[in-house]
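Heads up, start-v3.cif below (mmCIF, C-alpha atoms):
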```cif
data_data
loop_
_atom_site.label_atom_id
_atom_site.label_comp_id
_atom_site.auth_asym_id
_atom_site.auth_seq_id
_atom_site.Cartn_x
_atom_site.Cartn_y
_atom_site.Cartn_z
CA MET A 14 -183.55 30.49 -270.21
CA ILE A 15 -187.07 29.15 -270.43
CA PRO A 16 -188.26 26.55 -272.95
CA ALA A 17 -191.03 27.39 -275.40
CA GLN A 18 -194.47 26.20 -274.33
CA PHE A 19 -195.32 22.55 -274.80
CA ASP A 20 -198.01 20.11 -273.74
CA TYR A 21 -196.98 17.28 -271.46
CA LEU A 22 -197.94 13.66 -270.92
CA ALA A 23 -196.49 11.25 -268.37
CA PRO A 24 -197.77 7.77 -269.31
CA THR A 25 -197.24 4.87 -266.93
CA THR A 26 -196.89 2.11 -269.53
CA VAL A 27 -194.95 1.72 -272.78
CA GLU A 28 -198.26 1.04 -274.60
CA GLU A 29 -199.68 4.39 -273.44
CA ALA A 30 -196.48 6.13 -274.49
CA LEU A 31 -196.63 4.52 -277.95
CA ALA A 32 -200.28 5.56 -278.33
CA ALA A 33 -199.38 9.15 -277.44
CA LEU A 34 -196.50 9.02 -279.91
CA ALA A 35 -198.78 7.69 -282.63
CA GLN A 36 -201.28 10.47 -281.99
CA HIS A 37 -198.81 13.36 -281.97
CA GLY A 38 -196.27 12.09 -284.50
CA ASP A 39 -193.31 14.30 -285.25
CA GLU A 40 -194.71 17.11 -283.09
CA ALA A 41 -193.83 15.01 -280.04
CA LYS A 42 -190.52 14.50 -278.32
CA ILE A 43 -189.68 11.71 -275.89
CA LEU A 44 -188.28 12.83 -272.52
CA ALA A 45 -186.10 10.29 -270.73
CA GLY A 46 -183.78 11.76 -268.06
CA GLY A 47 -183.76 15.11 -269.84
CA GLN A 48 -180.09 15.86 -269.33
CA SER A 49 -179.57 16.49 -273.06
CA LEU A 50 -183.14 17.38 -274.04
CA LEU A 51 -183.72 20.10 -271.43
CA PRO A 52 -180.67 22.18 -272.46
CA VAL A 53 -181.87 21.87 -276.06
CA LEU A 54 -185.37 23.05 -275.09
CA ARG A 55 -184.02 25.90 -272.93
CA MET A 56 -181.84 27.17 -275.73
CA ARG A 57 -184.85 26.73 -278.03
CA LEU A 58 -182.85 24.66 -280.48
CA ASN A 59 -185.99 22.53 -280.57
CA ALA A 60 -189.56 23.40 -279.65
CA PRO A 61 -191.78 20.30 -279.71
CA GLU A 62 -195.52 20.81 -279.20
CA MET A 63 -195.77 17.72 -277.03
CA VAL A 64 -193.30 16.21 -274.57
CA ILE A 65 -193.93 12.58 -273.57
CA ASP A 66 -192.14 11.84 -270.30
CA LEU A 67 -191.16 8.19 -269.75
CA GLY A 68 -190.22 8.90 -266.13
CA LYS A 69 -193.26 7.17 -264.64
CA ILE A 70 -192.86 3.92 -266.61
CA THR A 71 -191.24 1.78 -263.94
CA SER A 72 -190.93 -1.28 -266.21
CA LEU A 73 -188.22 0.58 -268.16
CA ARG A 74 -185.91 0.79 -265.15
CA GLY A 75 -183.47 -1.74 -263.80
CA VAL A 76 -180.74 -4.22 -264.71
CA ARG A 77 -181.28 -7.98 -265.03
CA ASP A 78 -179.39 -11.12 -265.92
CA ASP A 79 -180.81 -12.89 -268.98
CA GLY A 80 -178.58 -15.86 -269.74
CA ASP A 81 -175.92 -14.74 -272.18
CA ALA A 82 -176.67 -11.04 -271.77
CA ILE A 83 -177.11 -8.34 -269.15
CA VAL A 84 -180.24 -6.35 -269.93
CA VAL A 85 -180.36 -2.66 -269.02
CA GLY A 86 -183.76 -0.95 -269.02
CA ALA A 87 -183.70 2.19 -271.16
CA MET A 88 -184.74 4.46 -268.26
CA THR A 89 -182.08 3.17 -265.85
CA GLN A 90 -180.03 6.10 -264.58
CA HIS A 91 -176.28 6.20 -265.27
CA SER A 92 -175.54 6.16 -261.53
CA VAL A 93 -177.50 2.90 -261.17
CA VAL A 94 -175.76 1.30 -264.16
CA GLY A 95 -172.38 2.49 -262.88
CA SER A 96 -172.81 0.83 -259.50
CA ASP A 97 -174.57 -2.33 -260.69
CA PRO A 98 -172.64 -5.52 -259.79
CA LEU A 99 -174.00 -7.48 -262.80
CA VAL A 100 -172.78 -4.82 -265.22
CA ALA A 101 -169.43 -4.66 -263.43
CA GLU A 102 -168.97 -8.44 -263.64
CA HIS A 103 -170.19 -9.11 -267.17
CA ALA A 104 -169.90 -5.81 -269.06
CA ALA A 105 -167.15 -3.97 -267.19
CA LEU A 106 -166.48 -1.75 -270.20
CA VAL A 107 -169.84 -0.06 -269.63
CA SER A 108 -169.12 0.46 -265.92
CA LYS A 109 -165.81 2.11 -266.81
CA ALA A 110 -167.41 4.43 -269.36
CA VAL A 111 -170.20 5.46 -267.00
CA GLU A 112 -167.78 6.18 -264.16
CA HIS A 113 -166.63 9.47 -265.71
CA LEU A 114 -169.66 10.30 -267.83
CA ALA A 115 -170.58 14.00 -267.37
CA ASP A 116 -170.76 14.65 -263.59
CA VAL A 117 -172.44 13.19 -260.53
CA GLN A 118 -175.65 15.20 -260.74
CA ILE A 119 -176.09 14.43 -264.44
CA ARG A 120 -175.46 10.73 -263.77
CA HIS A 121 -178.24 10.77 -261.18
CA ARG A 122 -180.80 11.95 -263.75
CA GLY A 123 -179.47 10.91 -267.15
CA THR A 124 -180.51 7.51 -268.47
CA PHE A 125 -178.70 4.73 -270.33
CA GLY A 126 -181.29 4.51 -273.10
CA GLY A 127 -181.77 8.26 -273.32
CA ALA A 128 -178.10 8.90 -273.90
CA LEU A 129 -177.83 6.14 -276.53
CA ALA A 130 -181.00 7.30 -278.32
CA HIS A 131 -179.67 10.87 -278.34
CA ALA A 132 -176.68 9.49 -280.29
CA ASP A 133 -174.31 12.37 -279.66
CA PRO A 134 -171.06 11.29 -281.37
CA ALA A 135 -169.20 12.61 -278.32
CA GLY A 136 -171.42 10.65 -275.93
CA ASP A 137 -169.61 8.12 -273.77
CA LEU A 138 -171.91 5.11 -274.19
CA GLY A 139 -171.95 4.52 -277.94
CA ALA A 140 -168.39 3.21 -278.29
CA PRO A 141 -168.65 0.69 -275.43
CA ALA A 142 -172.06 -0.47 -276.68
CA LEU A 143 -170.66 -0.94 -280.18
CA ALA A 144 -167.49 -2.65 -278.96
CA LEU A 145 -169.46 -5.15 -276.86
CA GLY A 146 -171.94 -5.86 -279.67
CA ALA A 147 -174.97 -4.51 -277.79
CA GLN A 148 -178.48 -5.30 -279.05
CA PHE A 149 -181.11 -2.55 -278.94
CA VAL A 150 -184.69 -3.58 -278.19
CA ILE A 151 -187.13 -1.19 -279.83
CA GLN A 152 -190.89 -1.26 -279.38
CA GLY A 153 -193.39 0.19 -281.82
CA PRO A 154 -197.05 -0.15 -282.81
CA GLY A 155 -196.25 -3.38 -284.67
CA GLY A 156 -194.40 -5.02 -281.80
CA THR A 157 -190.80 -5.36 -280.73
CA ARG A 158 -187.66 -5.66 -282.83
CA THR A 159 -184.01 -5.99 -281.95
CA VAL A 160 -181.33 -3.99 -283.74
CA PRO A 161 -177.58 -4.72 -283.49
CA ALA A 162 -175.32 -1.85 -282.45
CA GLU A 163 -173.69 -1.54 -285.87
CA GLU A 164 -177.13 -0.79 -287.38
CA PHE A 165 -178.45 1.27 -284.47
CA PHE A 166 -176.18 4.29 -284.95
CA VAL A 167 -177.14 5.81 -288.30
CA ASP A 168 -175.69 9.31 -288.34
CA LEU A 169 -175.15 12.43 -286.23
CA PHE A 170 -177.91 12.35 -283.55
CA GLU A 171 -179.73 9.76 -285.66
CA THR A 172 -180.50 6.15 -284.77
CA ALA A 173 -182.57 3.28 -286.12
CA ILE A 174 -185.44 4.19 -283.75
CA GLY A 175 -188.47 5.10 -285.88
CA GLU A 176 -190.67 8.14 -285.19
CA ASP A 177 -193.39 5.89 -283.78
CA GLU A 178 -191.01 3.74 -281.71
CA ILE A 179 -189.36 3.76 -278.27
CA LEU A 180 -186.09 2.18 -277.17
CA THR A 181 -187.06 -0.04 -274.24
CA GLU A 182 -183.89 -1.94 -273.30
CA VAL A 183 -180.32 -2.64 -274.27
CA ARG A 184 -178.86 -6.14 -274.17
CA LEU A 185 -175.16 -6.31 -273.38
CA PRO A 186 -173.61 -9.68 -274.35
CA LYS A 187 -171.65 -11.02 -271.40
CA HIS A 188 -167.91 -10.50 -271.54
CA THR A 189 -167.21 -12.15 -268.21
CA GLY A 190 -163.58 -12.14 -267.18
CA TRP A 191 -162.53 -9.60 -269.80
CA GLY A 192 -160.35 -6.68 -268.79
CA ALA A 193 -161.82 -3.32 -269.72
CA HIS A 194 -160.96 0.36 -269.76
CA TYR A 195 -162.42 3.61 -271.11
CA GLU A 196 -159.73 6.18 -271.82
CA LYS A 197 -161.23 9.64 -272.20
CA PHE A 198 -159.43 12.81 -273.21
CA VAL A 199 -160.97 16.09 -272.06
CA ARG A 200 -159.61 19.60 -271.74
CA VAL A 201 -162.07 20.79 -269.09
CA ALA A 202 -163.78 18.97 -266.21
CA HIS A 203 -167.09 17.18 -266.92
CA GLN A 204 -167.07 17.95 -270.64
CA TRP A 205 -167.61 15.70 -273.63
CA PRO A 206 -164.49 13.84 -274.72
CA ILE A 207 -162.44 15.28 -277.57
CA VAL A 208 -161.70 11.62 -278.30
CA ALA A 209 -162.22 8.56 -276.12
CA VAL A 210 -161.42 4.87 -276.57
CA ALA A 211 -163.33 1.91 -275.14
CA ALA A 212 -161.25 -1.28 -274.98
CA ALA A 213 -161.96 -4.76 -273.68
CA VAL A 214 -159.52 -7.66 -273.90
CA ARG A 215 -159.57 -11.34 -273.03
CA LEU A 216 -156.20 -12.65 -272.01
CA GLU A 217 -154.85 -16.18 -272.14
CA GLY A 218 -151.70 -16.20 -270.08
CA GLY A 219 -150.01 -12.94 -270.96
CA THR A 220 -151.33 -12.98 -274.52
CA ILE A 221 -154.31 -11.12 -275.95
CA ALA A 222 -156.74 -13.77 -277.21
CA GLU A 223 -159.60 -11.43 -278.19
CA ALA A 224 -160.07 -7.66 -278.25
CA ARG A 225 -162.96 -5.22 -278.70
CA VAL A 226 -162.20 -1.56 -279.37
CA GLY A 227 -164.66 1.30 -279.93
CA LEU A 228 -163.90 4.97 -280.60
CA THR A 229 -165.85 8.01 -279.38
CA ASN A 230 -166.03 11.24 -281.41
CA MET A 231 -164.01 9.92 -284.36
CA GLY A 232 -166.91 10.29 -286.82
CA ASN A 233 -170.64 10.96 -286.98
CA THR A 234 -171.31 7.69 -285.17
CA PRO A 235 -169.28 5.54 -282.77
CA VAL A 236 -166.57 3.64 -284.65
CA ARG A 237 -165.47 0.02 -284.18
CA ALA A 238 -161.69 -0.24 -284.62
CA HIS A 239 -161.64 -3.62 -286.38
CA ALA A 240 -158.07 -3.23 -287.64
CA VAL A 241 -156.81 -2.73 -284.09
CA GLU A 242 -158.84 -5.67 -282.77
CA GLN A 243 -157.42 -8.05 -285.38
CA ALA A 244 -153.86 -6.81 -284.96
CA LEU A 245 -154.01 -7.28 -281.18
CA VAL A 246 -154.86 -10.97 -281.33
CA GLY A 247 -151.85 -13.09 -280.37
CA GLN A 248 -149.85 -10.12 -279.12
CA PRO A 249 -148.35 -10.03 -275.63
CA ALA A 250 -150.10 -7.56 -273.32
CA THR A 251 -147.06 -5.31 -273.12
CA PRO A 252 -146.29 -1.80 -274.43
CA ASP A 253 -144.24 -3.30 -277.27
CA GLY A 254 -146.91 -5.84 -278.09
CA VAL A 255 -149.71 -3.28 -278.27
CA ARG A 256 -147.98 -0.32 -279.92
CA ASP A 257 -148.23 -1.40 -283.58
CA ALA A 258 -151.85 -2.46 -283.29
CA ALA A 259 -152.82 0.80 -281.57
CA ALA A 260 -151.16 2.79 -284.36
CA ARG A 261 -153.95 1.56 -286.66
CA ALA A 262 -156.73 3.11 -284.53
CA ALA A 263 -157.51 5.98 -286.91
CA GLU A 264 -157.81 3.77 -290.03
CA GLY A 265 -161.06 4.38 -291.84
CA THR A 266 -162.23 7.11 -289.45
CA ASN A 267 -163.60 10.52 -290.40
CA PRO A 268 -163.19 12.66 -287.26
CA PRO A 269 -164.53 16.22 -287.03
CA SER A 270 -162.45 19.39 -286.85
CA ASP A 271 -163.60 21.92 -284.28
CA LEU A 272 -162.31 24.35 -281.65
CA ASN A 273 -161.06 21.44 -279.53
CA GLY A 274 -158.85 20.05 -282.25
CA ASP A 275 -158.63 19.33 -285.96
CA ALA A 276 -159.10 15.94 -287.56
CA ASP A 277 -155.36 15.14 -287.68
CA TYR A 278 -155.04 15.87 -283.97
CA ARG A 279 -157.95 13.53 -283.26
CA ARG A 280 -156.39 10.78 -285.40
CA HIS A 281 -153.20 11.11 -283.38
CA LEU A 282 -155.15 11.10 -280.11
CA ALA A 283 -156.98 7.93 -281.16
CA THR A 284 -153.72 6.00 -281.51
CA VAL A 285 -152.30 7.22 -278.18
CA LEU A 286 -155.55 6.67 -276.27
CA THR A 287 -156.03 3.23 -277.83
CA ARG A 288 -152.59 2.14 -276.61
CA ARG A 289 -153.38 3.39 -273.11
CA ALA A 290 -156.86 1.90 -273.07
CA VAL A 291 -155.74 -1.55 -274.24
CA LEU A 292 -152.79 -1.68 -271.84
CA THR A 293 -154.91 -0.61 -268.88
CA ALA A 294 -157.65 -3.07 -269.86
CA ALA A 295 -155.01 -5.80 -269.94
CA GLY A 296 -153.76 -4.80 -266.51
CA ALA A 297 -150.43 -3.64 -267.90
CA THR A 298 -149.07 -0.09 -267.82
CA GLY A 299 -147.58 1.88 -270.61
CA MET B 21 -201.22 23.56 -266.57
CA VAL B 22 -200.31 20.32 -264.83
CA ARG B 23 -201.04 19.52 -261.20
CA ILE B 24 -197.98 18.48 -259.17
CA ASN B 25 -197.70 17.20 -255.61
CA LEU B 26 -194.34 16.99 -253.90
CA THR B 27 -192.51 17.48 -250.64
CA VAL B 28 -190.05 20.36 -250.39
CA ASP B 29 -187.85 20.69 -247.31
CA GLY B 30 -190.28 18.58 -245.35
CA ALA B 31 -193.45 20.43 -246.31
CA ARG B 32 -196.05 19.03 -248.67
CA VAL B 33 -196.87 21.35 -251.57
CA ALA B 34 -199.29 21.14 -254.49
CA ASP B 35 -199.47 23.52 -257.44
CA ASP B 36 -200.61 23.89 -261.00
CA VAL B 37 -197.56 24.59 -263.13
CA GLU B 38 -196.75 25.06 -266.78
CA PRO B 39 -195.01 21.91 -268.08
CA ARG B 40 -192.09 24.03 -269.23
CA MET B 41 -191.37 25.42 -265.75
CA LEU B 42 -187.94 24.37 -264.48
CA LEU B 43 -187.67 22.98 -260.98
CA VAL B 44 -185.30 25.79 -259.95
CA HIS B 45 -187.82 28.42 -261.05
CA TYR B 46 -190.59 26.60 -259.23
CA LEU B 47 -188.53 26.56 -256.02
CA ARG B 48 -187.56 30.22 -256.27
CA GLU B 49 -190.60 31.88 -257.78
CA LYS B 50 -193.51 29.77 -256.53
CA LEU B 51 -192.13 28.71 -253.14
CA GLY B 52 -189.80 31.65 -252.46
CA LYS B 53 -186.87 29.34 -251.80
CA THR B 54 -184.28 31.73 -253.16
CA GLY B 55 -181.46 29.94 -251.35
CA THR B 56 -181.20 27.79 -254.46
CA VAL B 57 -179.68 30.00 -257.16
CA VAL B 58 -179.50 29.98 -260.93
CA GLY B 59 -175.88 30.14 -262.00
CA CYS B 60 -174.99 29.32 -265.59
CA ASP B 61 -178.46 28.20 -266.70
CA THR B 62 -176.79 25.66 -269.01
CA SER B 63 -176.53 22.69 -266.58
CA ASN B 64 -172.79 23.16 -266.24
CA CYS B 65 -172.10 25.02 -263.00
CA GLY B 66 -174.10 23.13 -260.38
CA ALA B 67 -175.04 26.24 -258.36
CA CYS B 68 -178.69 25.13 -258.54
CA THR B 69 -178.00 21.67 -257.06
CA VAL B 70 -180.76 20.26 -254.82
CA HIS B 71 -181.61 16.72 -253.77
CA LEU B 72 -184.49 14.97 -255.52
CA ASP B 73 -185.55 11.68 -253.93
CA GLY B 74 -182.28 11.48 -252.06
CA THR B 75 -179.78 12.21 -254.80
CA SER B 76 -178.26 15.43 -256.08
CA VAL B 77 -179.60 16.96 -259.29
CA LYS B 78 -179.16 20.22 -261.14
CA SER B 79 -182.54 21.86 -260.66
CA CYS B 80 -182.15 23.99 -263.79
CA ASN B 81 -182.08 20.71 -265.71
CA VAL B 82 -185.23 19.16 -264.26
CA LEU B 83 -188.80 20.17 -265.05
CA ALA B 84 -191.02 20.85 -262.06
CA VAL B 85 -193.47 18.29 -263.48
CA GLN B 86 -190.72 15.64 -263.36
CA ALA B 87 -190.51 16.17 -259.60
CA ASP B 88 -194.20 15.27 -259.20
CA GLY B 89 -194.55 12.76 -256.37
CA GLY B 90 -190.98 13.37 -255.30
CA GLU B 91 -189.14 14.67 -252.29
CA VAL B 92 -186.92 17.74 -252.71
CA THR B 93 -184.37 19.04 -250.24
CA THR B 94 -182.84 22.46 -250.86
CA ILE B 95 -180.07 24.28 -249.03
CA GLU B 96 -182.85 25.81 -246.91
CA GLY B 97 -183.86 22.38 -245.63
CA LEU B 98 -180.46 21.27 -244.35
CA ALA B 99 -180.42 23.02 -240.97
CA GLN B 100 -182.50 21.28 -238.34
CA ASP B 101 -183.97 23.04 -235.30
CA GLY B 102 -181.77 26.08 -235.85
CA GLN B 103 -178.62 23.96 -236.02
CA LEU B 104 -176.59 24.22 -239.21
CA HIS B 105 -175.87 20.95 -240.97
CA PRO B 106 -172.28 19.78 -240.28
CA VAL B 107 -171.34 20.50 -243.91
CA GLN B 108 -172.66 24.05 -243.59
CA GLU B 109 -170.67 24.42 -240.37
CA ALA B 110 -167.55 23.11 -242.09
CA PHE B 111 -167.87 25.56 -244.99
CA ARG B 112 -168.11 28.39 -242.44
CA GLU B 113 -165.28 27.03 -240.32
CA CYS B 114 -162.90 26.57 -243.29
CA HIS B 115 -164.12 29.64 -245.20
CA GLY B 116 -165.05 27.39 -248.11
CA LEU B 117 -166.23 30.28 -250.24
CA GLN B 118 -165.20 33.58 -251.76
CA CYS B 119 -168.16 35.40 -253.32
CA GLY B 120 -170.50 32.66 -252.06
CA TYR B 121 -172.63 32.28 -255.17
CA CYS B 122 -171.68 28.65 -255.79
CA THR B 123 -171.98 27.78 -252.08
CA PRO B 124 -175.55 26.41 -251.96
CA GLY B 125 -174.77 23.98 -254.78
CA MET B 126 -171.34 23.11 -253.39
CA ILE B 127 -172.85 22.27 -250.01
CA MET B 128 -175.70 20.22 -251.46
CA GLN B 129 -173.28 18.24 -253.65
CA SER B 130 -170.87 17.79 -250.73
CA VAL B 131 -173.68 16.35 -248.59
CA ASP B 132 -174.50 13.92 -251.42
CA LEU B 133 -170.83 12.98 -251.77
CA LEU B 134 -170.38 12.28 -248.04
CA LYS B 135 -173.56 10.23 -247.94
CA ASP B 136 -172.07 7.82 -250.50
CA ASN B 137 -168.48 8.06 -249.31
CA PRO B 138 -168.09 9.18 -245.68
CA ASN B 139 -164.29 9.36 -245.85
CA PRO B 140 -163.31 10.55 -249.33
CA SER B 141 -159.75 11.22 -250.40
CA GLU B 142 -158.88 14.66 -251.75
CA GLU B 143 -159.08 13.29 -255.29
CA GLU B 144 -162.48 11.73 -254.61
CA ILE B 145 -163.74 15.07 -253.28
CA ARG B 146 -162.52 16.91 -256.36
CA LEU B 147 -164.11 14.30 -258.64
CA GLY B 148 -167.31 14.31 -256.59
CA LEU B 149 -167.57 18.09 -256.97
CA GLU B 150 -166.66 17.97 -260.67
CA GLY B 151 -170.09 19.25 -261.65
CA ASN B 152 -169.85 22.32 -259.43
CA LEU B 153 -167.90 25.33 -260.64
CA CYS B 154 -166.52 28.10 -258.42
CA ARG B 155 -165.92 31.10 -260.61
CA CYS B 156 -163.68 32.64 -257.94
CA THR B 157 -161.59 29.44 -258.24
CA GLY B 158 -161.81 29.00 -254.48
CA TYR B 159 -161.64 25.23 -254.67
CA HIS B 160 -158.86 24.76 -252.13
CA ASN B 161 -160.89 25.77 -249.11
CA ILE B 162 -163.99 24.06 -250.46
CA VAL B 163 -162.09 20.77 -250.54
CA ARG B 164 -160.77 21.46 -247.04
CA ALA B 165 -164.30 22.13 -245.84
CA VAL B 166 -165.47 18.76 -247.15
CA GLN B 167 -162.51 17.05 -245.47
CA HIS B 168 -163.33 18.89 -242.25
CA ALA B 169 -166.99 17.86 -242.48
CA ALA B 170 -166.00 14.23 -243.12
CA GLY B 171 -163.87 14.29 -240.00
CA ALA B 172 -166.83 15.68 -238.07
CA GLY B 173 -169.04 12.79 -239.16
CA ALA B 174 -171.17 14.72 -241.65
CA SER B 175 -172.10 11.66 -243.68
CA GLN B 176 -175.46 11.60 -241.99
CA VAL B 177 -178.18 12.09 -244.59
CA PRO B 178 -180.06 15.35 -244.09
CA GLY B 179 -183.34 14.74 -242.33
CA GLN B 180 -185.64 14.40 -245.32
CA THR B 181 -187.82 11.65 -243.93
CA GLU B 182 -187.59 12.95 -240.40
CA ALA B 183 -188.69 16.36 -241.59
CA VAL B 184 -191.73 14.91 -243.32
CA GLN B 185 -192.72 13.07 -240.18
CA ALA B 186 -192.19 16.18 -238.06
#
```

Output the file's structure in the form of structure tokens.
Amino acid sequence: MIPAQFDYLAPTTVEEALAALAQHGDEAKILAGGQSLLPVLRMRLNAPEMVIDLGKITSLRGVRDDGDAIVVGAMTQHSVVGSDPLVAEHAALVSKAVEHLADVQIRHRGTFGGALAHADPAGDLGAPALALGAQFVIQGPGGTRTVPAEEFFVDLFETAIGEDEILTEVRLPKHTGWGAHYEKFVRVAHQWPIVAVAAAVRLEGGTIAEARVGLTNMGNTPVRAHAVEQALVGQPATPDGVRDAAARAAEGTNPPSDLNGDADYRRHLATVLTRRAVLTAAGATG
Amino acid sequence: MVRINLTVDGARVADDVEPRMLLVHYLREKLGKTGTVVGCDTSNCGACTVHLDGTSVKSCNVLAVQADGGEVTTIEGLAQDGQLHPVQEAFRECHGLQCGYCTPGMIMQSVDLLKDNPNPSEEEIRLGLEGNLCRCTGYHNIVRAVQHAAGAGASQVPGQTEAVQA
């Protein structure tokens, strides 16, 4: 399969990329790692007239420590994020989610910002980003603005990024010392999760002091499981202590029905996977 | 057309290509490197796996223009001075194939895996090859071949830089 013809620009700075975007408007498409965009172009589900490749903008790559947050450049490849010691120490939930994202080759090309901007509800990064309270730094002609995760994900494949804007970096608030786990349910190797659960917990003694839980593919956007988080606080990190809280995982969700499972099945999966994710994050088994 | 300059299997190449041209088509149709095959054409099967700047990628999911300035190694660049790469030898020794169509991608991904993890467990091999499908379901001998290659010290990175210098 061969994409339809398009023109191509590979700017070397964000400013050049924004100027190209301003000139070509909605006829342009931003290319990050291309691991979602190229299949779309090959299948001709989209045929932009102009593709603006961010691959040569080196300032968009890399991970850095910025006080209370770890900052991931939008064009940092998944494989780099997954092996980064700062991410592992301060935002372990992201490391866990990246570990089994797609497959090795895709992780070598696909980018952190590209995947989040694509906003596939079955994508593995939205739920951890939401659970950790990530901040999205977006640059446009008028300057830079920062959008919290709960406002970033708008709808199916839709984010708060404007047509004339580019996601430049993602700030992950430090959750140092928290236990974390991403529990993903797939039927076939290297596929999108039918449902997945991102859980991070802070323990005091054997008790859960704080919890963050995000759900993948349980609606048009990633879902924060607030009811579970609140119910976990003060519970012992044991199967009995976690079970009742995990049973509330599907509250307020609107999961899809498709060939992989109907909505009721997904609601059931969410409760089971939440229990497993929280227990593993807490270092317990269940 | 866009001008690209890159190194493929140790040789410098420059071409004018359409932006929409996929790297796998560039390798096969412009350079005649038909050792790299198109399998599923949906970025699932991994048969088209090559190395770009030292890491494995699915070349049906990369534009040729994205490889501009880069260094590509295909299955045809693994053997050095007529000597098969140890992973190629191991696939032959263990009969790590049935129809052979997935083999170029399996070998390229196995080389990448052993570079990062010279002594992988069976589970690590299966996870490392997760993005490569064998439609004959011949995975058992493929995994054995990777184990065999690991035992033979195949973690050495294929001679990309050496080839450029030579």

Q: Choose the residue, out of B:Leu98, B:Cys80, B:Ile24, B:Val85, that has the smallest atom-to-atom separation from Ile127 (chain B); count only C-alpha atoms.
A: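 Among the listed residues, B:Leu98 lies closest to Ile127 (chain B).
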
Taking the file above as input, evaluate the PyMOL selection byres ((chain A and resi 31) around 7) and report the hits as a compact mmCIF listing (two decimals) with C-alpha atoms, in the frame of the given file.
```txt
# COMPACT_ATOMS: atom_id res chain seq x y z
CA VAL A 27 -194.95 1.72 -272.78
CA GLU A 28 -198.26 1.04 -274.60
CA GLU A 29 -199.68 4.39 -273.44
CA ALA A 30 -196.48 6.13 -274.49
CA ALA A 32 -200.28 5.56 -278.33
CA ALA A 33 -199.38 9.15 -277.44
CA LEU A 34 -196.50 9.02 -279.91
CA ALA A 35 -198.78 7.69 -282.63
CA GLY A 153 -193.39 0.19 -281.82
CA PRO A 154 -197.05 -0.15 -282.81
CA ASP A 177 -193.39 5.89 -283.78
CA GLU A 178 -191.01 3.74 -281.71
```

Show me a table, sorted first by chain and then by increasing residue number, of the residues of chain B having an atom at most 7 Å from chain A, each with its shortest atom pair and the distance in Å to one decimal, counting only C-alpha atoms and written as a tab-separated table.
```
residue	atom	partner	partner_atom	distance
B:Pro39	CA	A:Tyr21	CA	6.1
B:Arg40	CA	A:Pro16	CA	5.9
B:Asp61	CA	A:Met14	CA	6.6
B:Thr62	CA	A:Pro52	CA	6.3
B:Thr75	CA	A:His121	CA	6.7
B:Ser76	CA	A:Gln118	CA	5.3
B:Val77	CA	A:Gln118	CA	4.6
B:Lys78	CA	A:Gln118	CA	6.1
B:Asn81	CA	A:Leu51	CA	6.0
B:Gly148	CA	A:Val117	CA	6.6
B:Glu150	CA	A:Asp116	CA	6.0
B:Gly151	CA	A:Asp116	CA	5.0
```

Can you spell out as a PDB file with C-alpha atoms, keeping the file's coordinate frame the set of residues that the PyMOL selection byres ((chain A and resi 77) around 12) selects in the structure I just provided?
```pdb
ATOM      1  CA  SER A  72    -190.930  -1.280-266.210  1.00  0.00           C
ATOM      2  CA  LEU A  73    -188.220   0.580-268.160  1.00  0.00           C
ATOM      3  CA  ARG A  74    -185.910   0.790-265.150  1.00  0.00           C
ATOM      4  CA  GLY A  75    -183.470  -1.740-263.800  1.00  0.00           C
ATOM      5  CA  VAL A  76    -180.740  -4.220-264.710  1.00  0.00           C
ATOM      6  CA  ASP A  78    -179.390 -11.120-265.920  1.00  0.00           C
ATOM      7  CA  ASP A  79    -180.810 -12.890-268.980  1.00  0.00           C
ATOM      8  CA  GLY A  80    -178.580 -15.860-269.740  1.00  0.00           C
ATOM      9  CA  ASP A  81    -175.920 -14.740-272.180  1.00  0.00           C
ATOM     10  CA  ALA A  82    -176.670 -11.040-271.770  1.00  0.00           C
ATOM     11  CA  ILE A  83    -177.110  -8.340-269.150  1.00  0.00           C
ATOM     12  CA  VAL A  84    -180.240  -6.350-269.930  1.00  0.00           C
ATOM     13  CA  VAL A  85    -180.360  -2.660-269.020  1.00  0.00           C
ATOM     14  CA  GLY A  86    -183.760  -0.950-269.020  1.00  0.00           C
ATOM     15  CA  THR A  89    -182.080   3.170-265.850  1.00  0.00           C
ATOM     16  CA  VAL A  94    -175.760   1.300-264.160  1.00  0.00           C
ATOM     17  CA  ASP A  97    -174.570  -2.330-260.690  1.00  0.00           C
ATOM     18  CA  PRO A  98    -172.640  -5.520-259.790  1.00  0.00           C
ATOM     19  CA  LEU A  99    -174.000  -7.480-262.800  1.00  0.00           C
ATOM     20  CA  VAL A 100    -172.780  -4.820-265.220  1.00  0.00           C
ATOM     21  CA  HIS A 103    -170.190  -9.110-267.170  1.00  0.00           C
ATOM     22  CA  GLU A 182    -183.890  -1.940-273.300  1.00  0.00           C
ATOM     23  CA  VAL A 183    -180.320  -2.640-274.270  1.00  0.00           C
ATOM     24  CA  ARG A 184    -178.860  -6.140-274.170  1.00  0.00           C
ATOM     25  CA  LEU A 185    -175.160  -6.310-273.380  1.00  0.00           C
ATOM     26  CA  LYS A 187    -171.650 -11.020-271.400  1.00  0.00           C
TER      27      LYS A 187
END
```

**Q.** Nearest to Cys60 (chain B) by atom-to-atom distance, counting all atoms listed in the file, from B:Arg146, B:Arg112, B:Cys122, B:Val82
**A.**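 So, comparing all the options, the nearest one is B:Cys122.
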
Q: Using all atoms listed in the file, find the one residue out of A:Val241, A:Leu228, A:Leu138, A:Leu282 that sits nearest to Thr266 (chain A).
A: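 Closest candidate: A:Leu228.
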